[in-house]
>>> print(open('upload27.tsv').read())   # TSV, C-alpha atoms
chain	number	residue	atom	x	y	z
A	26	MET	CA	21.32	2.91	55.40
A	27	THR	CA	20.51	-0.04	53.25
A	28	HIS	CA	18.69	0.11	49.95
A	29	GLN	CA	16.31	-2.71	49.45
A	30	ALA	CA	15.91	-4.15	45.99
A	31	GLN	CA	12.59	-3.54	44.30
A	32	PRO	CA	10.53	-6.70	44.24
A	33	VAL	CA	10.31	-8.22	40.80
A	34	PRO	CA	6.79	-7.68	39.60
A	35	THR	CA	4.91	-10.88	39.19
A	36	VAL	CA	2.74	-11.40	36.22
A	37	THR	CA	-0.14	-13.74	36.56
A	38	PRO	CA	0.10	-15.97	33.49
A	39	THR	CA	-2.85	-15.49	31.20
A	40	PRO	CA	-4.76	-18.74	30.99
A	41	ALA	CA	-5.32	-20.20	27.56
A	42	PHE	CA	-8.27	-18.91	25.57
A	43	GLY	CA	-10.41	-21.98	25.54
A	44	GLY	CA	-13.48	-22.73	23.54
A	45	ALA	CA	-14.91	-25.14	26.03
A	46	ALA	CA	-18.56	-25.05	26.81
A	47	SER	CA	-19.48	-22.91	29.78
A	48	SER	CA	-22.54	-22.69	31.94
A	49	GLN	CA	-22.59	-18.95	31.29
A	50	ASP	CA	-24.36	-17.43	28.30
A	51	PRO	CA	-21.76	-17.31	25.47
A	52	MET	CA	-23.47	-14.21	24.04
A	53	ARG	CA	-22.74	-12.22	27.18
A	54	ASN	CA	-20.71	-9.08	26.47
A	55	PHE	CA	-21.82	-9.24	22.83
A	56	GLY	CA	-22.64	-5.53	22.87
A	57	PHE	CA	-19.01	-4.74	23.68
A	58	ALA	CA	-17.81	-6.89	20.76
A	59	VAL	CA	-20.20	-5.05	18.42
A	60	ALA	CA	-19.08	-1.66	19.76
A	61	ALA	CA	-15.43	-2.56	19.21
A	62	TYR	CA	-16.04	-3.61	15.61
A	63	VAL	CA	-18.08	-0.48	14.88
A	64	VAL	CA	-15.23	1.68	16.19
A	65	LEU	CA	-12.68	-0.33	14.21
A	66	TRP	CA	-14.54	0.14	10.93
A	67	CYS	CA	-15.38	3.79	11.55
A	68	VAL	CA	-11.71	4.60	12.14
A	69	LEU	CA	-10.45	2.62	9.15
A	70	MET	CA	-13.19	3.66	6.73
A	71	GLY	CA	-12.87	7.30	7.79
A	72	PHE	CA	-9.14	7.11	7.14
A	73	VAL	CA	-9.65	5.51	3.73
A	74	MET	CA	-12.35	7.97	2.66
A	75	LEU	CA	-10.34	11.02	3.72
A	76	SER	CA	-7.33	9.67	1.85
A	77	ALA	CA	-9.37	8.97	-1.28
A	78	ARG	CA	-10.90	12.45	-1.27
A	79	ARG	CA	-7.54	14.13	-0.84
A	80	GLN	CA	-5.99	11.96	-3.58
A	81	ARG	CA	-8.80	12.88	-5.97
A	82	ARG	CA	-8.26	16.60	-5.36
A	83	LEU	CA	-4.50	16.26	-5.84
A	84	ASP	CA	-4.98	14.31	-9.08
A	85	GLU	CA	-7.32	17.04	-10.39
A	86	ARG	CA	-4.85	19.77	-9.45
A	87	LEU	CA	-2.00	17.82	-11.06
A	88	ASP	CA	-3.98	17.44	-14.29
A	89	GLU	CA	-4.76	21.16	-14.27
A	90	LEU	CA	-1.15	22.19	-13.76
A	91	GLU	CA	0.26	19.69	-16.26
A	92	ARG	CA	-2.23	20.83	-18.91
A	93	ALA	CA	-1.40	24.49	-18.31
A	94	LEU	CA	2.35	23.87	-18.46
A	95	ALA	CA	2.03	21.70	-21.57
A	96	LYS	CA	-0.09	24.39	-23.21
A	97	ARG	CA	2.53	27.02	-22.38
A	98	ASP	CA	5.30	24.74	-23.68
A	99	GLY	CA	3.33	24.03	-26.85
A	100	GLY	CA	2.54	27.68	-27.39
A	101	SER	CA	6.10	28.98	-26.79
B	19	MET	CA	6.23	15.40	-18.04
B	20	ASP	CA	3.01	13.44	-17.78
B	21	LYS	CA	3.32	10.58	-15.36
B	22	PRO	CA	0.86	7.80	-15.95
B	23	ARG	CA	-1.10	7.28	-12.77
B	24	SER	CA	-1.93	3.61	-12.61
B	25	HIS	CA	-4.57	2.51	-10.14
B	26	THR	CA	-4.30	-1.22	-10.83
B	27	LEU	CA	-1.92	-2.20	-8.04
B	28	PRO	CA	-3.54	-0.13	-5.26
B	29	VAL	CA	-6.99	-1.42	-6.25
B	30	ALA	CA	-5.73	-5.01	-6.34
B	31	LEU	CA	-4.10	-4.65	-2.91
B	32	ALA	CA	-7.28	-3.12	-1.52
B	33	ALA	CA	-9.43	-5.90	-2.99
B	34	VAL	CA	-7.25	-8.66	-1.53
B	35	SER	CA	-7.18	-6.87	1.84
B	36	LEU	CA	-10.96	-6.65	1.87
B	37	ALA	CA	-11.28	-10.32	0.98
B	38	LEU	CA	-8.94	-11.30	3.82
B	39	ILE	CA	-10.83	-9.08	6.23
B	40	ALA	CA	-14.10	-10.68	5.17
B	41	ALA	CA	-12.54	-14.11	5.72
B	42	THR	CA	-11.33	-13.03	9.17
B	43	LEU	CA	-14.78	-11.76	10.09
B	44	TYR	CA	-16.36	-15.01	8.95
B	45	TRP	CA	-13.89	-17.16	10.90
B	46	THR	CA	-14.15	-14.96	13.98
B	47	PHE	CA	-17.92	-14.94	14.23
B	48	PHE	CA	-18.95	-18.21	12.61
B	49	ARG	CA	-16.12	-20.66	13.18
B	50	ALA	CA	-14.10	-19.68	16.25
B	51	PRO	CA	-15.99	-20.69	19.37
B	52	PHE	CA	-16.98	-18.27	22.10
B	53	GLU	CA	-14.32	-18.14	24.77
B	54	ALA	CA	-15.32	-19.96	27.94
B	55	VAL	CA	-14.57	-17.17	30.43
B	56	MET	CA	-14.93	-13.92	28.46
B	57	GLY	CA	-17.78	-14.77	26.15
B	58	ALA	CA	-18.32	-12.62	23.06
B	59	ALA	CA	-15.95	-9.87	24.26
B	60	GLN	CA	-13.01	-12.15	23.48
B	61	LYS	CA	-13.83	-11.81	19.76
B	62	ILE	CA	-12.29	-8.34	19.95
B	63	PHE	CA	-8.92	-10.07	20.34
B	64	TYR	CA	-8.93	-11.22	16.71
B	65	PHE	CA	-8.70	-7.61	15.51
B	66	HIS	CA	-7.14	-5.87	18.48
B	67	VAL	CA	-3.91	-7.91	18.34
B	68	PRO	CA	-3.46	-7.67	14.53
B	69	ALA	CA	-4.18	-3.92	14.75
B	70	ALA	CA	-1.40	-3.57	17.34
B	71	TYR	CA	0.93	-5.48	15.05
B	72	ALA	CA	-0.10	-3.23	12.12
B	73	MET	CA	0.72	-0.22	14.30
B	74	TYR	CA	4.22	-1.65	14.93
B	75	LEU	CA	4.63	-2.29	11.20
B	76	SER	CA	3.55	1.25	10.28
B	77	ALA	CA	5.84	2.74	12.92
B	78	THR	CA	8.74	0.69	11.55
B	79	VAL	CA	7.99	2.01	8.05
B	80	CYS	CA	8.08	5.53	9.52
B	81	LEU	CA	11.43	4.71	11.13
B	82	VAL	CA	12.90	3.43	7.86
B	83	GLY	CA	11.57	6.38	5.86
B	84	SER	CA	12.80	8.87	8.46
B	85	ALA	CA	16.26	7.30	8.65
B	86	ALA	CA	16.47	7.25	4.85
B	87	TYR	CA	15.48	10.93	4.75
B	88	LEU	CA	18.14	11.89	7.28
B	89	VAL	CA	20.77	10.05	5.22
B	90	SER	CA	19.58	11.30	1.85
B	91	PRO	CA	16.80	13.92	1.83
B	92	ARG	CA	14.35	12.98	-0.90
B	93	ASP	CA	10.61	13.37	-1.41
B	94	GLY	CA	10.17	9.59	-1.60
B	95	ALA	CA	11.68	8.91	1.84
B	96	ASP	CA	9.72	11.76	3.38
B	97	ALA	CA	6.48	10.48	1.80
B	98	VAL	CA	7.10	6.96	3.15
B	99	ALA	CA	7.84	8.30	6.64
B	100	ARG	CA	4.68	10.44	6.67
B	101	ALA	CA	2.58	7.55	5.39
B	102	GLY	CA	3.96	5.27	8.09
B	103	ALA	CA	3.20	7.82	10.80
B	104	ASP	CA	-0.37	8.37	9.54
B	105	CYS	CA	-1.08	4.64	9.53
B	106	ALA	CA	0.56	4.20	12.95
B	107	VAL	CA	-1.89	6.78	14.32
B	108	ALA	CA	-4.87	5.11	12.62
B	109	PHE	CA	-4.03	1.62	13.83
B	110	GLY	CA	-2.99	2.99	17.22
B	111	CYS	CA	-6.42	4.59	17.61
B	112	VAL	CA	-8.00	1.22	16.80
B	113	VAL	CA	-5.86	-0.47	19.47
B	114	LEU	CA	-6.53	2.19	22.10
B	115	THR	CA	-10.29	2.06	21.57
B	116	THR	CA	-10.90	-1.67	21.08
B	117	GLY	CA	-8.68	-2.49	24.06
B	118	PRO	CA	-10.66	-0.45	26.59
B	119	ILE	CA	-13.94	-1.70	25.11
B	120	TRP	CA	-12.70	-5.23	25.83
B	121	ALA	CA	-11.39	-4.20	29.25
B	122	LYS	CA	-14.68	-2.79	30.55
B	123	PRO	CA	-16.56	-6.11	30.89
B	124	ILE	CA	-13.42	-8.08	31.80
B	125	TRP	CA	-11.55	-5.76	34.18
B	126	GLY	CA	-14.52	-3.62	35.15
B	127	VAL	CA	-12.76	-0.43	33.99
B	128	TYR	CA	-12.01	1.03	30.58
B	129	TRP	CA	-8.48	2.08	31.46
B	130	THR	CA	-5.73	1.50	33.99
B	131	TRP	CA	-2.34	3.16	34.11
B	132	GLU	CA	-0.50	-0.06	33.68
B	133	PRO	CA	2.73	-0.48	31.65
B	134	ARG	CA	1.41	-1.90	28.36
B	135	LEU	CA	-1.43	0.60	28.06
B	136	LEU	CA	0.73	3.54	29.09
B	137	THR	CA	3.57	2.76	26.68
B	138	SER	CA	1.08	2.16	23.85
B	139	LEU	CA	-0.57	5.51	24.55
B	140	LEU	CA	2.84	7.18	24.59
B	141	SER	CA	3.71	5.68	21.22
B	142	VAL	CA	0.47	6.83	19.61
B	143	LEU	CA	0.97	10.33	21.01
B	144	ILE	CA	4.47	10.43	19.51
B	145	TYR	CA	3.06	9.69	16.06
B	146	VAL	CA	0.19	12.13	16.56
B	147	ALA	CA	2.87	14.73	17.29
B	148	TYR	CA	4.62	13.75	14.05
B	149	VAL	CA	1.41	14.07	12.03
B	150	VAL	CA	0.51	17.42	13.61
B	151	LEU	CA	4.04	18.72	13.02
B	152	ARG	CA	3.97	17.78	9.33
B	153	SER	CA	0.43	19.05	8.85
B	154	PHE	CA	0.82	22.48	10.40
B	155	ALA	CA	4.50	23.38	10.51
B	156	GLY	CA	5.07	23.78	6.79
B	157	ASP	CA	7.01	21.61	4.40
B	158	GLY	CA	10.49	23.08	4.53
B	159	GLU	CA	13.73	21.19	4.84
B	160	ALA	CA	14.13	21.95	8.54
B	161	GLU	CA	10.61	20.77	9.38
B	162	ARG	CA	11.15	17.57	7.43
B	163	LYS	CA	14.43	16.86	9.21
B	164	PHE	CA	12.94	17.56	12.63
B	165	ALA	CA	10.05	15.22	11.88
B	166	ALA	CA	12.46	12.58	10.58
B	167	ALA	CA	14.40	12.77	13.85
B	168	LEU	CA	11.10	12.34	15.73
B	169	GLY	CA	10.25	9.36	13.52
B	170	VAL	CA	13.56	7.70	14.37
B	171	LEU	CA	13.48	8.43	18.09
B	172	GLY	CA	9.80	7.54	18.42
B	173	ALA	CA	10.51	4.02	17.26
B	174	ALA	CA	12.57	3.44	20.41
B	175	ASN	CA	9.30	3.02	22.30
B	176	LEU	CA	8.16	0.06	20.21
B	177	PRO	CA	10.24	-2.65	21.90
B	178	ILE	CA	9.36	-1.08	25.24
B	179	ILE	CA	5.66	-1.66	24.55
B	180	HIS	CA	6.38	-5.22	23.60
B	181	LEU	CA	8.49	-5.98	26.67
B	182	SER	CA	6.54	-3.86	29.15
B	183	VAL	CA	4.43	-6.65	30.59
B	184	ARG	CA	7.43	-8.94	31.08
B	185	LYS	CA	9.53	-6.20	32.65
B	186	TRP	CA	7.00	-4.32	34.77
B	187	GLY	CA	4.07	-6.67	35.18
B	188	GLY	CA	0.51	-5.50	34.83
B	189	ASN	CA	-2.88	-6.86	33.94
B	190	HIS	CA	-2.58	-6.82	30.18
B	191	PRO	CA	-3.09	-10.39	28.94
B	192	ARG	CA	-0.27	-12.31	27.33
B	193	VAL	CA	-1.94	-14.93	25.24
B	194	ILE	CA	0.31	-15.68	22.28
B	195	SER	CA	3.63	-14.35	23.61
B	196	SER	CA	5.87	-16.29	25.98
B	197	GLY	CA	4.20	-16.96	29.28
B	198	GLY	CA	0.77	-16.86	27.73
B	199	GLY	CA	-1.67	-19.72	27.70
B	200	GLY	CA	-2.19	-19.72	23.93
B	201	LEU	CA	-5.31	-20.52	21.93
B	202	GLN	CA	-6.77	-23.94	22.58
B	203	HIS	CA	-9.15	-24.30	19.68
B	204	PRO	CA	-7.73	-24.59	16.12
B	205	ASP	CA	-10.39	-22.26	14.69
B	206	MET	CA	-9.21	-19.59	17.14
B	207	LYS	CA	-5.70	-19.95	15.74
B	208	VAL	CA	-7.00	-19.72	12.16
B	209	ALA	CA	-9.05	-16.62	12.95
B	210	LEU	CA	-6.04	-14.92	14.52
B	211	GLY	CA	-3.76	-15.96	11.66
B	212	LEU	CA	-6.22	-14.58	9.11
B	213	GLY	CA	-6.40	-11.38	11.15
B	214	PHE	CA	-2.62	-11.00	11.01
B	215	PHE	CA	-2.58	-11.56	7.22
B	216	ALA	CA	-5.48	-9.18	6.70
B	217	PHE	CA	-3.98	-6.39	8.77
B	218	THR	CA	-0.53	-6.83	7.24
B	219	LEU	CA	-1.96	-6.38	3.78
B	220	LEU	CA	-4.24	-3.58	4.94
B	221	ALA	CA	-1.27	-1.75	6.47
B	222	ILE	CA	0.74	-2.18	3.25
B	223	THR	CA	-2.23	-0.95	1.18
B	224	LEU	CA	-2.83	2.11	3.34
B	225	ILE	CA	0.88	2.97	3.56
B	226	ALA	CA	1.18	2.67	-0.24
B	227	ALA	CA	-1.90	4.85	-0.74
B	228	ARG	CA	-0.70	7.55	1.66
B	229	THR	CA	2.82	7.46	0.12
B	230	ARG	CA	1.27	8.02	-3.31
B	231	LEU	CA	-0.76	10.87	-1.88
B	232	TYR	CA	2.29	12.62	-0.41
B	233	LEU	CA	4.32	12.10	-3.58
B	234	ALA	CA	1.47	13.69	-5.54
B	235	SER	CA	1.40	16.54	-3.03
B	236	SER	CA	5.14	17.15	-3.52
B	237	ARG	CA	4.69	17.07	-7.27
B	238	VAL	CA	1.82	19.57	-7.08
B	239	ALA	CA	4.02	21.89	-4.99
B	240	ARG	CA	6.82	21.67	-7.55
B	241	LEU	CA	4.52	22.27	-10.51
B	242	GLU	CA	2.86	25.21	-8.76
B	243	GLU	CA	6.28	26.71	-8.20
B	244	GLU	CA	7.12	26.22	-11.86
B	245	ALA	CA	3.75	27.65	-12.89
B	246	MET	CA	4.34	30.68	-10.64
B	247	THR	CA	7.75	31.22	-12.20
B	248	ARG	CA	6.18	31.23	-15.64
B	249	GLY	CA	3.39	33.55	-14.57
B	250	LEU	CA	0.73	30.91	-15.11
B	251	LEU	CA	-0.75	31.31	-11.63
B	252	ASP	CA	-2.00	34.75	-12.64
B	253	ASP	CA	-4.59	32.85	-14.66
B	254	GLU	CA	-7.89	32.73	-12.69
B	255	ALA	CA	-8.57	29.15	-13.71
B	256	LEU	CA	-5.34	27.93	-12.14
B	257	ARG	CA	-5.52	29.70	-8.79
>>> encode(input="upload27.tsv", output="structure tokens")
Amino acid sequence: MTHQAQPVPTVTPTPAFGGAASSQDPMRNFGFAVAAYVVLWCVLMGFVMLSARRQRRLDERLDELERALAKRDGGS
Amino acid sequence: MDKPRSHTLPVALAAVSLALIAATLYWTFFRAPFEAVMGAAQKIFYFHVPAAYAMYLSATVCLVGSAAYLVSPRDGADAVARAGADCAVAFGCVVLTTGPIWAKPIWGVYWTWEPRLLTSLLSVLIYVAYVVLRSFAGDGEAERKFAAALGVLGAANLPIIHLSVRKWGGNHPRVISSGGGGLQHPDMKVALGLGFFAFTLLAITLIAARTRLYLASSRVARLEEEAMTRGLLDDEALR
């Protein structure tokens, strides 16, 4: 029984991204570009806002605890 | 005991990141020409590729933090590893959503089970697992070490993503890597370069911010323990 080698997958080289003029409408697929940017900014801004909110709460809690401990140290 | 909490550097990093992102947006939409074959959908490339690179960068930070934690368990290393994993998930989500949005008009489908997409999805799922583990499994030594091991092992997938198209073929374009056609117009190159700078700085900013957050969280935990020991947590105002 012979084992045949797997064929090496061929990859069609990606042609260069060219900015040449085309007979097609350049604004085609613009809705997809807008959708992608909306998603990008929603994900990143959501991440930033959640981080900022959590940081603010931690800073407040830290202040609270440090004040209480300092007060106890000062009073003892 | 009071640690001054300076906001100058994070704010400065954020401001420069935003400026670079604005510059990238300007160059992408007002200077780089529309691509001849793909039209406006090709503009997604100028953020999709830098976001993928930012995901690799964040995952590498997670790897370094995790390895450092396994060698010498410290809050700092753990915070860096967690921050890297969080950002890897965020940028990974950007890649896995902008990619299919590009693919729909170009390939006709949002998703195919081809090597690059599959290995990218696997990587993001690994870091989602890391984040879920750290968020819900408690913050003990064992959990931290398990997560650190996951952070180290998960990084093994990164070169696989990068080499997947070369090794296994597939439809995913290779534009700027070897075998790709490249960018013909100079403004396209500038837009992509700006995108890389912007996302590098954005990744650094977000990783720094999340690291600071986790360090603060560790400090809160320590102070709460100290407060509990001293009976301060019996005070209503502190609970």
>>> atom_distance(input="upload27.tsv", atom1="CA of Cys80 in chain B", atom2="CA of Gly172 in chain B")
9.3 Å
>>> closest_residue(input="upload27.tsv", among="B:Phe164, B:Trp125, B:Phe214, B:Tyr232", to="chain A", atoms="all atoms listed in the file")
B:Tyr232
>>> closest_residue(input="upload27.tsv", among="B:Val150, B:Val82, B:Ala97, B:Leu251", to="chain A", atoms="all atoms listed in the file")
B:Leu251
>>> closest_residue(input="upload27.tsv", among="A:Ser76, A:Ala58, A:Val63, A:Arg86", to="Tyr64 in chain B", atoms="all atoms listed in the file")
A:Ala58
>>> residues_around(input="upload27.tsv", residues="Cys67 in chain A", least_positions_apart="3", cutoff="12 Å", atoms="only C-alpha atoms", output="JSON, numbers by chain")
{"A": [60, 61, 62, 63, 64, 70, 71, 72, 73, 74, 75], "B": [108, 109, 111, 112, 115, 116]}
>>> write_last_selection(input="upload27.tsv", atoms="C-alpha atoms", output="CSV table (one decimal), in the frame of the given file")
chain,number,residue,atom,x,y,z
A,60,ALA,CA,-19.1,-1.7,19.8
A,61,ALA,CA,-15.4,-2.6,19.2
A,62,TYR,CA,-16.0,-3.6,15.6
A,63,VAL,CA,-18.1,-0.5,14.9
A,64,VAL,CA,-15.2,1.7,16.2
A,70,MET,CA,-13.2,3.7,6.7
A,71,GLY,CA,-12.9,7.3,7.8
A,72,PHE,CA,-9.1,7.1,7.1
A,73,VAL,CA,-9.6,5.5,3.7
A,74,MET,CA,-12.4,8.0,2.7
A,75,LEU,CA,-10.3,11.0,3.7
B,108,ALA,CA,-4.9,5.1,12.6
B,109,PHE,CA,-4.0,1.6,13.8
B,111,CYS,CA,-6.4,4.6,17.6
B,112,VAL,CA,-8.0,1.2,16.8
B,115,THR,CA,-10.3,2.1,21.6
B,116,THR,CA,-10.9,-1.7,21.1
>>> closest_residue(input="upload27.tsv", among="B:Leu31, B:Ala121, B:Ala226, B:Ala174", to="Tyr74 in chain B", atoms="only C-alpha atoms")
B:Ala174
>>> residues_near_point(input="upload27.tsv", point="(-2.5, 1.8, 1.7)", cutoff="10 Å", atoms="all atoms listed in the file", output="MDAnalysis selection string")
(chainID A and resid 73 76) or (chainID B and resid 28:29 31:32 35 101:102 105 219:231)
>>> residues_around(input="upload27.tsv", residues="Leu151 in chain B", least_positions_apart="5", cutoff="10 Å", atoms="all atoms listed in the file", output="ChimeraX atom specification")
/B:145-146,156-157,161-162,164-165,168
>>> closest_residue(input="upload27.tsv", among="A:Leu87, A:Leu69, A:Phe55, A:Lys96", to="Val113 in chain B", atoms="all atoms listed in the file")
A:Leu69
>>> closest_residue(input="upload27.tsv", among="B:Thr247, B:Thr137, B:Ser182, B:Gln60", to="chain A", atoms="all atoms listed in the file")
B:Gln60
>>> residues_around(input="upload27.tsv", residues="Leu90 in chain A", least_positions_apart="6", cutoff="8 Å", atoms="all atoms listed in the file", output="list in words")
Val238, Leu241, Glu242, Ala245 and Leu256 of chain B
>>> residues_around(input="upload27.tsv", residues="Asp98 in chain A", least_positions_apart="4", cutoff="12 Å", atoms="all atoms listed in the file", output="number ranges by chain")
A: 91-94; B: 19, 245, 248, 250
>>> write_last_selection(input="upload27.tsv", atoms="C-alpha atoms", output="tab-separated table (two decimals), in the frame of the given file")
chain	number	residue	atom	x	y	z
A	91	GLU	CA	0.26	19.69	-16.26
A	92	ARG	CA	-2.23	20.83	-18.91
A	93	ALA	CA	-1.40	24.49	-18.31
A	94	LEU	CA	2.35	23.87	-18.46
B	19	MET	CA	6.23	15.40	-18.04
B	245	ALA	CA	3.75	27.65	-12.89
B	248	ARG	CA	6.18	31.23	-15.64
B	250	LEU	CA	0.73	30.91	-15.11
>>> atom_distance(input="upload27.tsv", atom1="CA of Ala54 in chain B", atom2="CA of Pro204 in chain B")
14.8 Å
>>> atom_distance(input="upload27.tsv", atom1="CA of Val183 in chain B", atom2="CA of Leu81 in chain B")
23.6 Å
>>> residues_around(input="upload27.tsv", residues="Arg53 in chain A", least_positions_apart="4", cutoff="10 Å", atoms="all atoms listed in the file", output="VMD selection string")
(chain A and resid 49 57 to 58) or (chain B and resid 52 56 to 59 123)
>>> residues_near_point(input="upload27.tsv", point="(-8.5, -9.5, 8.4)", cutoff="6 Å", atoms="only C-alpha atoms", output="list in words")
Leu38, Ile39, Thr42, Leu212, Gly213, Ala216 and Phe217 of chain B
>>> write_last_selection(input="upload27.tsv", atoms="C-alpha atoms", output="PDB file, in the coordinates of the input")
ATOM      1  CA  LEU B  38      -8.940 -11.300   3.820  1.00  0.00           C
ATOM      2  CA  ILE B  39     -10.830  -9.080   6.230  1.00  0.00           C
ATOM      3  CA  THR B  42     -11.330 -13.030   9.170  1.00  0.00           C
ATOM      4  CA  LEU B 212      -6.220 -14.580   9.110  1.00  0.00           C
ATOM      5  CA  GLY B 213      -6.400 -11.380  11.150  1.00  0.00           C
ATOM      6  CA  ALA B 216      -5.480  -9.180   6.700  1.00  0.00           C
ATOM      7  CA  PHE B 217      -3.980  -6.390   8.770  1.00  0.00           C
TER       8      PHE B 217
END
>>> decode(input="upload27.tsv", residues="range 112-124 of chain B", atoms="N, CA and C atoms", output="JSON list (two decimals), in the first residue's frame")
[["chain", "number", "residue", "atom", "x", "y", "z"],
["B", 112, "VAL", "N", -12.07, 43.19, 17.24],
["B", 112, "VAL", "CA", -12.05, 44.13, 16.11],
["B", 112, "VAL", "C", -11.67, 43.39, 14.82],
["B", 113, "VAL", "N", -10.62, 42.57, 14.90],
["B", 113, "VAL", "CA", -10.16, 41.83, 13.72],
["B", 113, "VAL", "C", -11.24, 40.88, 13.22],
["B", 114, "LEU", "N", -11.88, 40.16, 14.15],
["B", 114, "LEU", "CA", -12.84, 39.13, 13.75],
["B", 114, "LEU", "C", -14.19, 39.70, 13.33],
["B", 115, "THR", "N", -14.40, 40.99, 13.54],
["B", 115, "THR", "CA", -15.63, 41.61, 13.02],
["B", 115, "THR", "C", -15.35, 42.41, 11.75],
["B", 116, "THR", "N", -14.26, 43.17, 11.73],
["B", 116, "THR", "CA", -13.97, 43.95, 10.51],
["B", 116, "THR", "C", -13.59, 43.04, 9.34],
["B", 117, "GLY", "N", -12.93, 41.93, 9.64],
["B", 117, "GLY", "CA", -12.56, 40.99, 8.57],
["B", 117, "GLY", "C", -13.78, 40.43, 7.84],
["B", 118, "PRO", "N", -14.73, 39.83, 8.55],
["B", 118, "PRO", "CA", -15.93, 39.35, 7.88],
["B", 118, "PRO", "C", -16.74, 40.43, 7.18],
["B", 119, "ILE", "N", -16.75, 41.65, 7.75],
["B", 119, "ILE", "CA", -17.48, 42.73, 7.08],
["B", 119, "ILE", "C", -16.81, 43.04, 5.74],
["B", 120, "TRP", "N", -15.49, 42.97, 5.68],
["B", 120, "TRP", "CA", -14.78, 43.13, 4.41],
["B", 120, "TRP", "C", -15.07, 41.95, 3.50],
["B", 121, "ALA", "N", -15.11, 40.74, 4.08],
["B", 121, "ALA", "CA", -15.22, 39.52, 3.28],
["B", 121, "ALA", "C", -16.56, 39.42, 2.55],
["B", 122, "LYS", "N", -17.63, 39.94, 3.17],
["B", 122, "LYS", "CA", -18.95, 39.76, 2.58],
["B", 122, "LYS", "C", -19.05, 40.29, 1.15],
["B", 123, "PRO", "N", -18.66, 41.55, 0.87],
["B", 123, "PRO", "CA", -18.76, 42.01, -0.51],
["B", 123, "PRO", "C", -17.69, 41.44, -1.43],
["B", 124, "ILE", "N", -16.56, 40.99, -0.85],
["B", 124, "ILE", "CA", -15.44, 40.53, -1.68],
["B", 124, "ILE", "C", -15.52, 39.04, -1.95]]
